[in-house]
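Data file: target14.txt. Format and content: compact mmCIF, C-alpha atoms.
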```txt
# COMPACT_ATOMS: atom_id res chain seq x y z
CA MET A 29 1.24 28.40 6.19
CA PHE A 30 -1.24 25.57 5.54
CA TYR A 31 0.92 23.18 7.57
CA LYS A 32 0.96 25.59 10.53
CA LEU A 33 -2.82 25.98 10.35
CA PHE A 34 -3.23 22.21 10.23
CA THR A 35 -1.01 21.83 13.30
CA LEU A 36 -3.13 24.39 15.15
CA PHE A 37 -6.42 22.74 14.23
CA LEU A 38 -4.98 19.33 15.08
CA SER A 39 -4.02 20.58 18.54
CA LEU A 40 -7.60 21.71 19.04
CA TYR A 41 -8.82 18.33 17.82
CA TYR A 42 -6.61 16.57 20.38
CA MET A 43 -8.10 18.74 23.13
CA ILE A 44 -11.54 17.39 22.25
CA THR A 45 -10.44 13.85 21.32
CA PRO A 46 -7.23 12.89 23.17
CA TYR A 47 -4.69 10.91 21.18
CA VAL A 48 -4.48 7.22 22.09
CA ALA A 49 -1.15 5.51 21.36
CA PRO A 50 -1.03 1.83 20.35
CA ALA A 51 -0.46 -0.75 23.08
CA THR A 52 3.09 -2.03 23.43
CA THR A 53 2.31 -5.37 25.08
CA SER A 54 2.15 -7.28 21.77
CA PRO A 55 4.73 -5.60 19.53
CA ILE A 56 5.40 -6.52 15.93
CA LYS A 57 7.57 -9.61 15.88
CA VAL A 58 8.13 -11.96 12.96
CA LEU A 59 7.14 -15.61 13.30
CA ASN A 60 10.60 -17.05 12.68
CA GLU A 61 13.55 -14.68 13.04
CA ARG A 62 16.03 -17.32 11.96
CA ASN A 63 14.37 -18.23 8.66
CA VAL A 64 12.56 -15.09 7.55
CA GLN A 65 13.99 -13.76 4.28
CA LEU A 66 12.12 -10.46 4.11
CA ALA A 67 9.64 -8.64 6.35
CA PHE A 68 7.73 -5.49 5.47
CA VAL A 69 4.72 -3.43 6.50
CA THR A 70 1.86 -3.46 3.97
CA TRP A 71 -0.58 -0.55 4.14
CA GLY A 72 -3.22 0.93 1.87
CA ASP A 73 -4.94 4.29 1.43
CA PRO A 74 -3.76 6.57 4.24
CA GLN A 75 -5.40 9.52 2.44
CA VAL A 76 -3.96 11.84 5.08
CA SER A 77 -5.83 15.11 4.89
CA ASN A 78 -5.23 18.68 6.01
CA TYR A 79 -8.90 19.09 6.95
CA MET A 80 -10.16 15.61 7.97
CA PHE A 81 -8.46 15.60 11.33
CA ASP A 82 -9.33 12.09 12.49
CA ARG A 83 -7.01 10.52 9.89
CA GLU A 84 -3.69 11.91 11.09
CA PRO A 85 -3.93 10.42 14.63
CA ARG A 86 -4.69 6.99 13.16
CA PHE A 87 -1.72 7.21 10.83
CA ARG A 88 0.46 8.46 13.67
CA ALA A 89 -0.58 5.49 15.83
CA ALA A 90 0.20 3.06 12.99
CA THR A 91 3.68 4.49 12.54
CA GLU A 92 4.31 4.40 16.29
CA ASP A 93 3.37 0.73 16.32
CA VAL A 94 5.99 0.13 13.63
CA ALA A 95 8.55 2.15 15.59
CA ASN A 96 7.88 -0.14 18.58
CA SER A 97 8.62 -3.28 16.52
CA ALA A 98 10.59 -6.03 18.24
CA SER A 99 11.85 -7.25 14.83
CA ASP A 100 13.78 -5.47 12.12
CA LEU A 101 11.53 -4.53 9.20
CA ASP A 102 12.96 -4.14 5.71
CA ALA A 103 10.39 -1.75 4.27
CA ILE A 104 7.09 0.04 4.52
CA LEU A 105 4.96 -0.55 1.44
CA ILE A 106 1.98 1.75 0.84
CA VAL A 107 -0.37 0.86 -2.02
CA GLY A 108 -1.43 4.34 -3.10
CA ASP A 109 -3.65 7.21 -2.00
CA ILE A 110 -0.99 8.56 0.31
CA ALA A 111 -2.56 12.01 0.44
CA GLU A 112 -6.22 12.97 0.16
CA ASN A 113 -5.64 15.70 -2.39
CA GLY A 114 -1.97 15.33 -3.32
CA LEU A 115 -1.01 18.48 -1.43
CA LYS A 116 2.52 19.29 -0.29
CA GLU A 117 1.39 19.81 3.29
CA GLU A 118 -0.35 16.42 3.31
CA TYR A 119 2.82 14.67 2.15
CA LYS A 120 4.76 16.63 4.77
CA ILE A 121 2.51 15.23 7.51
CA VAL A 122 2.96 11.69 6.19
CA SER A 123 6.71 12.09 5.87
CA GLY A 124 7.03 13.45 9.39
CA HIS A 125 5.48 10.33 10.88
CA LEU A 126 7.19 7.81 8.59
CA LYS A 127 10.63 9.14 9.43
CA GLY A 128 10.15 8.06 13.03
CA THR A 129 9.62 4.39 12.18
CA GLY A 130 13.28 3.48 11.70
CA VAL A 131 12.49 1.42 8.58
CA ASP A 132 15.14 1.17 5.86
CA ASN A 133 13.05 1.48 2.66
CA TYR A 134 9.81 3.13 1.57
CA ILE A 135 8.09 1.59 -1.45
CA MET A 136 4.96 3.41 -2.60
CA ALA A 137 2.53 3.35 -5.48
CA VAL A 138 0.61 6.39 -6.58
CA GLY A 139 -3.17 6.33 -6.09
CA ASN A 140 -6.02 8.21 -7.70
CA HIS A 141 -6.20 10.69 -4.78
CA ASP A 142 -2.53 11.53 -5.33
CA VAL A 143 -3.21 12.21 -9.01
CA ARG A 144 -6.68 13.35 -9.88
CA LEU A 145 -6.55 17.07 -9.10
CA ARG A 146 -3.08 17.75 -10.52
CA ALA A 147 -1.35 18.15 -13.86
CA TYR A 148 0.53 14.92 -14.55
CA LYS A 149 4.02 16.46 -14.61
CA GLN A 150 3.33 18.05 -11.24
CA VAL A 151 2.13 14.72 -9.85
CA VAL A 152 5.31 12.95 -10.93
CA LYS A 153 7.57 15.67 -9.57
CA ARG A 154 5.78 15.91 -6.22
CA PHE A 155 5.31 12.17 -5.65
CA THR A 156 8.81 11.12 -6.65
CA GLY A 157 10.29 13.99 -4.65
CA PHE A 158 8.33 12.96 -1.56
CA GLN A 159 9.37 9.32 -1.82
CA ASN A 160 12.99 10.07 -2.71
CA GLU A 161 13.36 12.41 0.25
CA LEU A 162 12.08 9.73 2.62
CA ASN A 163 14.40 7.09 1.21
CA ALA A 164 17.38 9.42 1.26
CA ALA A 165 16.75 10.13 4.94
CA ALA A 166 16.62 6.36 5.56
CA GLU A 167 19.83 5.87 3.53
CA SER A 168 17.96 3.60 1.11
CA GLU A 169 19.30 3.10 -2.40
CA LEU A 170 15.82 3.49 -3.90
CA VAL A 171 15.55 6.56 -6.15
CA ILE A 172 12.71 6.99 -8.64
CA ASP A 173 12.02 9.46 -11.45
CA LYS A 174 8.69 8.05 -12.63
CA LEU A 175 5.66 6.31 -11.15
CA ASN A 176 6.44 2.78 -12.34
CA TYR A 177 9.67 1.23 -11.16
CA THR A 178 11.28 -1.89 -9.70
CA TYR A 179 13.25 -2.36 -6.53
CA GLU A 180 14.91 -5.37 -4.96
CA ILE A 181 15.36 -6.09 -1.26
CA ASN A 182 17.18 -9.20 -0.02
CA GLY A 183 16.89 -10.69 -3.50
CA TYR A 184 13.10 -10.20 -3.74
CA THR A 185 11.59 -7.95 -6.39
CA PHE A 186 8.91 -5.29 -6.08
CA VAL A 187 7.34 -4.10 -9.34
CA VAL A 188 5.38 -0.89 -8.84
CA LEU A 189 2.85 0.24 -11.44
CA GLY A 190 1.53 3.78 -11.78
CA THR A 191 -0.80 5.68 -14.05
CA ASP A 192 0.69 7.31 -17.15
CA LYS A 193 -1.69 10.26 -17.07
CA SER A 194 -3.96 12.08 -14.64
CA VAL A 195 -7.36 10.42 -14.38
CA PHE A 196 -10.02 10.67 -11.67
CA GLU A 197 -10.68 7.18 -10.27
CA GLU A 198 -8.90 4.69 -12.50
CA SER A 199 -5.34 4.36 -13.80
CA TYR A 200 -4.13 4.54 -17.37
CA ILE A 201 -1.39 2.00 -18.05
CA SER A 202 0.23 2.76 -21.39
CA ASP A 203 1.35 0.19 -23.95
CA ALA A 204 4.94 1.08 -23.09
CA GLN A 205 4.36 0.32 -19.42
CA LEU A 206 2.57 -2.94 -20.24
CA THR A 207 5.56 -4.01 -22.34
CA TRP A 208 7.90 -2.99 -19.52
CA LEU A 209 5.86 -5.07 -17.06
CA ASP A 210 6.00 -8.15 -19.26
CA THR A 211 9.74 -7.81 -19.82
CA THR A 212 10.37 -7.24 -16.12
CA LEU A 213 8.33 -10.24 -14.99
CA LYS A 214 9.98 -12.46 -17.58
CA GLU A 215 13.32 -11.57 -16.03
CA LYS A 216 12.35 -11.50 -12.36
CA ALA A 217 9.75 -14.26 -11.98
CA VAL A 218 12.32 -16.96 -11.34
CA LYS A 219 11.42 -20.44 -10.17
CA GLY A 220 10.14 -20.69 -6.61
CA LYS A 221 10.41 -16.99 -5.74
CA PRO A 222 7.60 -14.45 -5.36
CA VAL A 223 7.42 -11.16 -7.23
CA PHE A 224 5.33 -8.45 -5.57
CA VAL A 225 3.39 -6.35 -8.08
CA ILE A 226 2.02 -3.18 -6.53
CA LEU A 227 -0.98 -1.43 -8.09
CA HIS A 228 -3.44 0.89 -6.38
CA GLN A 229 -6.65 -0.34 -8.01
CA PRO A 230 -7.55 -4.05 -8.26
CA LEU A 231 -8.34 -5.88 -11.46
CA LYS A 232 -11.87 -5.90 -12.83
CA LYS A 233 -14.36 -8.20 -11.04
CA THR A 234 -11.94 -9.15 -8.28
CA HIS A 235 -12.12 -8.70 -4.50
CA GLY A 236 -15.90 -8.43 -4.54
CA LEU A 237 -16.14 -5.80 -7.27
CA PRO A 238 -18.36 -4.10 -8.18
CA VAL A 239 -20.22 -4.55 -4.86
CA THR A 240 -17.21 -3.54 -2.75
CA TRP A 241 -16.99 -0.25 -4.61
CA GLY A 242 -20.47 0.63 -3.35
CA ASN A 243 -22.19 0.37 -6.70
CA GLY A 244 -23.29 -3.15 -7.51
CA THR A 245 -25.06 -2.04 -10.68
CA ASN A 246 -21.95 -0.77 -12.47
CA GLU A 247 -19.50 -3.53 -13.31
CA ASN A 248 -16.96 -0.99 -14.57
CA ALA A 249 -16.60 0.78 -11.20
CA GLY A 250 -13.72 0.45 -8.75
CA HIS A 251 -11.11 -1.37 -10.83
CA VAL A 252 -7.86 -0.29 -12.48
CA GLY A 253 -9.38 0.73 -15.80
CA ASP A 254 -9.33 -0.18 -19.47
CA GLN A 255 -6.06 -2.09 -19.25
CA SER A 256 -7.34 -4.55 -16.62
CA GLU A 257 -7.55 -7.52 -18.97
CA GLU A 258 -4.14 -6.82 -20.50
CA LEU A 259 -2.59 -6.58 -17.05
CA TYR A 260 -4.17 -9.89 -16.11
CA GLU A 261 -2.93 -11.62 -19.26
CA ILE A 262 0.63 -10.48 -18.65
CA MET A 263 0.79 -11.41 -14.95
CA ASN A 264 -1.06 -14.68 -15.42
CA LYS A 265 1.78 -16.03 -17.60
CA TYR A 266 4.08 -16.26 -14.60
CA LYS A 267 4.13 -18.15 -11.32
CA ASN A 268 4.27 -16.71 -7.80
CA ILE A 269 3.01 -13.26 -8.76
CA ILE A 270 1.51 -11.57 -5.69
CA LEU A 271 -0.59 -8.58 -6.73
CA ILE A 272 -1.10 -6.15 -3.84
CA THR A 273 -3.85 -3.56 -4.26
CA GLY A 274 -5.90 -1.09 -2.20
CA HIS A 275 -8.52 1.47 -3.26
CA LEU A 276 -11.62 -0.38 -1.97
CA HIS A 277 -11.28 0.36 1.78
CA THR A 278 -12.44 -3.20 2.43
CA GLY A 279 -11.84 -4.67 5.88
CA PHE A 280 -10.31 -8.03 6.70
CA GLY A 281 -12.52 -10.85 5.49
CA GLN A 282 -13.65 -12.75 2.44
CA TYR A 283 -12.48 -10.11 -0.06
CA SER A 284 -8.93 -9.74 1.27
CA TYR A 285 -7.40 -12.61 -0.71
CA GLU A 286 -8.33 -14.09 -4.07
CA LYS A 287 -6.61 -16.47 -6.48
CA ILE A 288 -7.00 -14.85 -9.90
CA GLY A 289 -5.87 -17.49 -12.39
CA ASN A 290 -2.20 -17.93 -11.46
CA ILE A 291 -2.11 -14.60 -9.63
CA HIS A 292 -2.37 -14.26 -5.86
CA GLY A 293 -4.42 -11.10 -5.20
CA VAL A 294 -4.21 -9.36 -1.80
CA ASN A 295 -6.38 -6.29 -1.22
CA VAL A 296 -5.30 -4.10 1.69
CA PRO A 297 -7.65 -2.09 3.94
CA SER A 298 -7.29 1.64 4.58
CA THR A 299 -4.78 2.80 7.15
CA THR A 300 -6.90 5.72 8.38
CA ILE A 301 -10.50 5.34 7.17
CA VAL A 302 -13.11 3.09 8.78
CA ASN A 303 -13.30 0.13 6.40
CA LYS A 304 -16.35 -1.74 5.10
CA ASP A 305 -17.54 -5.04 3.60
CA GLY A 306 -15.31 -7.11 5.88
CA ASP A 307 -15.60 -8.97 9.15
CA TYR A 308 -13.07 -6.63 10.79
CA ASN A 309 -13.52 -3.06 9.60
CA GLU A 310 -11.41 -1.06 12.03
CA PRO A 311 -9.19 1.70 10.60
CA ALA A 312 -5.39 1.61 10.86
CA THR A 313 -5.27 -2.03 9.77
CA GLY A 314 -2.91 -3.76 7.37
CA TYR A 315 -0.35 -6.52 7.29
CA ILE A 316 3.11 -7.48 8.38
CA THR A 317 4.26 -9.45 5.35
CA GLU A 318 6.86 -12.15 6.00
CA VAL A 319 8.64 -14.03 3.22
CA TYR A 320 10.08 -17.50 3.74
CA ARG A 321 11.65 -19.87 1.23
CA ASN A 322 8.43 -21.74 0.53
CA LYS A 323 5.68 -19.31 1.54
CA VAL A 324 4.59 -15.73 2.06
CA VAL A 325 2.53 -14.86 5.13
CA PHE A 326 0.41 -11.71 5.37
CA ARG A 327 -0.16 -11.29 9.11
CA ALA A 328 -3.21 -9.13 9.80
CA ARG A 329 -2.61 -6.39 12.35
CA ASP A 330 -4.55 -3.55 13.96
CA PHE A 331 -1.72 -1.03 14.13
CA ALA A 332 -3.72 1.55 16.09
CA LYS A 333 -4.34 -0.94 18.90
CA GLY A 334 -0.97 -2.64 18.58
CA VAL A 335 -2.35 -6.17 18.21
CA TYR A 336 -2.34 -8.96 15.66
CA VAL A 337 -5.67 -10.24 14.32
CA PRO A 338 -4.50 -13.76 13.39
CA GLU A 339 -7.86 -15.11 12.22
CA TYR A 340 -7.43 -12.92 9.11
CA ASP A 341 -3.89 -13.99 8.22
CA ILE A 342 -3.19 -15.00 4.61
CA GLU A 343 -0.64 -17.72 3.82
CA ILE A 344 0.46 -18.20 0.22
CA LYS A 345 2.39 -21.33 -0.68
CA LEU A 346 4.98 -20.72 -3.39
CA SER A 347 5.10 -22.86 -6.53
CA LYS A 348 8.39 -24.48 -7.45
```
Transcribe the structure of this file into structure tokens.
Amino acid sequence: MFYKLFTLFLSLYYMITPYVAPATTSPIKVLNERNVQLAFVTWGDPQVSNYMFDREPRFRAATEDVANSASDLDAILIVGDIAENGLKEEYKIVSGHLKGTGVDNYIMAVGNHDVRLRAYKQVVKRFTGFQNELNAAAESELVIDKLNYTYEINGYTFVVLGTDKSVFEESYISDAQLTWLDTTLKEKAVKGKPVFVILHQPLKKTHGLPVTWGNGTNENAGHVGDQSEELYEIMNKYKNIILITGHLHTGFGQYSYEKIGNIHGVNVPSTTIVNKDGDYNEPATGYITEVYRNKVVFRARDFAKGVYVPEYDIEIKLSK
């Protein structure tokens, strides 16, 4: 019922504000088809809503840009806040658009908007069900039964972290999950190869926090929570850890990349919301991430317009 009402209201919205598809003159294409080891879409904070109607067209445009790709893409990675209020109908809207991209794997972290209004068991059941259904439709081997998990594509490891209880803005990472993270990185962080750690909220005092959270007077705002220092200590022991976060809705610019000790931190803008605090704050922005034997390149893209924004690319050299 709610989905049908949303579709009706969205049709009325399109009558007032016609949908604009992304341009197809500069499609997604990797830099070096011969040598690329892995290529994936990196998005943050879609927060698709059943009542904020401007978000769905932006997400739709982003997925259409991916569907128009001139290169094969191994995955779509979304760093949390998939749905504004964690509703079934919101996930249904997201799923409907993602299924048209033709991508083989969907790797997602849970965000505070997916969690904060729900009982934790319901969150886990709904989020894992949503992701598993998408991956089953894509014939991916990825199946999850909890919010933290690992997955490997083309020999490269993704380590996804997720809160162990329902909280409002932060995450709660239990001792058990911290131990699991350390054990996993010890095994997977092999010489010369990146490991992608996916976490919705950034670490404390990184990526311009607390200013980029909108409250420069509260140093405890906007980050992952009480386990921030423990997370840092674990990840900092290993080389070539690339921590991908969202949550801040910060546009491309000075806060997008930060070296945090040994950790490479990449903060991703929102896929549907007008961003802030950057030099390029358009919505529907993110990265095409390309992995090569000696580097990882995050290629900035405006998916709604269908164009690269190369002045905001991030290149990370891998340590041997």
### Task
Determine, counting only C-alpha atoms, every residue of protein, DNA or RNA that lies within 9 Å of (1.5, 3.8, -14.7) in the file coordinates, then give the result as a ChimeraX atom specification.
/A:138,174-176,188-193,199-202,205-206,227
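Proximity to A:Thr91 was assessed for A:Leu209, A:Ala332, A:Ala137, A:Ile121 counting all atoms listed in the file; the smallest distance is recorded for A:Ala332.
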### Which residue of A:Lys304, A:Asp341, A:Arg321, A:Lys348 approaches A:Tyr266 most closely, using only C-alpha atoms
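Of the candidates, the smallest distance to A:Tyr266 is held by A:Lys348.
Atom CA of A:Leu66 is found 27.6 Å from atom CA of A:Asn303.
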### Query
To one decimal place, how far is atom CA of A:Asp82 from atom CA of A:Val48 in Å?
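Atom CA of A:Asp82 sits 11.8 Å away from atom CA of A:Val48.
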### Query
Nearest to A:Ala95 among A:Leu213, A:Ala67, A:Leu115, A:Ile56, with distances taken over only C-alpha atoms: which residue is it?
A:Ile56
### Message
The residues within 12 Å of (13.4, -18.8, -8.7), using only C-alpha atoms and the coordinates of the file, should be reported as a ChimeraX atom specification; which are they?
### Response
/A:183-185,213-223,266-269,321-322,346-348
#### Entry: A:Gly253 environment, 12 Å, all atoms listed in the file, sequence neighbours closer than 5 positions dropped, as a list in words
Asn140, Thr191, Val195, Phe196, Glu197, Glu198, Ser199, Tyr200, Ile201, Ser202, Leu227, His228, Gln229, Pro230, Leu231, Lys232, Lys233, Glu247, Asn248, Glu258, Leu259 and Tyr260 of chain A
Can you write just those residues out, C-alpha atoms, as a compact mmCIF listing (two decimals), in the coordinates of the input?
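result-v3.txt, written as the output of this step:
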```txt
# COMPACT_ATOMS: atom_id res chain seq x y z
CA ASN A 140 -6.02 8.21 -7.70
CA THR A 191 -0.80 5.68 -14.05
CA VAL A 195 -7.36 10.42 -14.38
CA PHE A 196 -10.02 10.67 -11.67
CA GLU A 197 -10.68 7.18 -10.27
CA GLU A 198 -8.90 4.69 -12.50
CA SER A 199 -5.34 4.36 -13.80
CA TYR A 200 -4.13 4.54 -17.37
CA ILE A 201 -1.39 2.00 -18.05
CA SER A 202 0.23 2.76 -21.39
CA LEU A 227 -0.98 -1.43 -8.09
CA HIS A 228 -3.44 0.89 -6.38
CA GLN A 229 -6.65 -0.34 -8.01
CA PRO A 230 -7.55 -4.05 -8.26
CA LEU A 231 -8.34 -5.88 -11.46
CA LYS A 232 -11.87 -5.90 -12.83
CA LYS A 233 -14.36 -8.20 -11.04
CA GLU A 247 -19.50 -3.53 -13.31
CA ASN A 248 -16.96 -0.99 -14.57
CA GLU A 258 -4.14 -6.82 -20.50
CA LEU A 259 -2.59 -6.58 -17.05
CA TYR A 260 -4.17 -9.89 -16.11
```
### Query
Which polymer residues have any atom within 9 Å of an atom of A:Asn309, counting only C-alpha atoms, with same-chain residues fewer than 4 positions away left out, as an MDAnalysis selection string?
chainID A and resid 277:281 297 302:305 313
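Taking atom CA of A:Val64 as the reference point, atom CA of A:Glu180 is found at 16.0 Å.
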### Task
Could you give me, as a ChimeraX atom specification, the residues within 8 Å of A:Thr299, counting only C-alpha atoms and dropping anything in the same chain fewer than 5 positions from it?
/A:71-74,86-87,90,311-314
### Message
List the spatial neighbours of A:Gln159 as JSON, numbers by chain - criterion: any atom at most 9 Å away, all atoms listed in the file, same-chain residues fewer than 2 positions off excluded.
### Response
{"A": [123, 134, 135, 136, 154, 155, 156, 157, 161, 162, 163, 164, 170, 171, 172]}
#### Entry: Which residue of A:Asp330, A:Glu339, A:Glu169, A:Glu84 approaches A:Glu112 most closely, using only C-alpha atoms
A:Glu84
### Test item: residues at most 8 Å from A:Phe68, only C-alpha atoms, excluding those fewer than 5 positions along its chain, as a list in words
Leu101, Asp102, Ala103, Ile104, Leu105, Ile316, Thr317 and Glu318 of chain A
### Query
Of the candidates A:Pro238, A:Pro338, A:Gly128, A:Gly114, which shows the shortest atom-to-atom distance to A:Leu145, using all atoms listed in the file?
A:Gly114
### Task
Can you work out which one of A:Ile301, A:Val319, A:Val151, A:Ala166 has the shortest atom-to-atom distance to A:Gln75, counting all atoms listed in the file?
A:Ile301
As lines of an AutoDock Vina configuration file: centre and edge lengths in Å, one decimal, of the axis-aligned box holding stretch 161-177 of chain A with 5 Å per side:
```
center_x = 12.7
center_y = 6.8
center_z = -3.5
size_x = 24.2
size_y = 21.2
size_z = 28.2
```
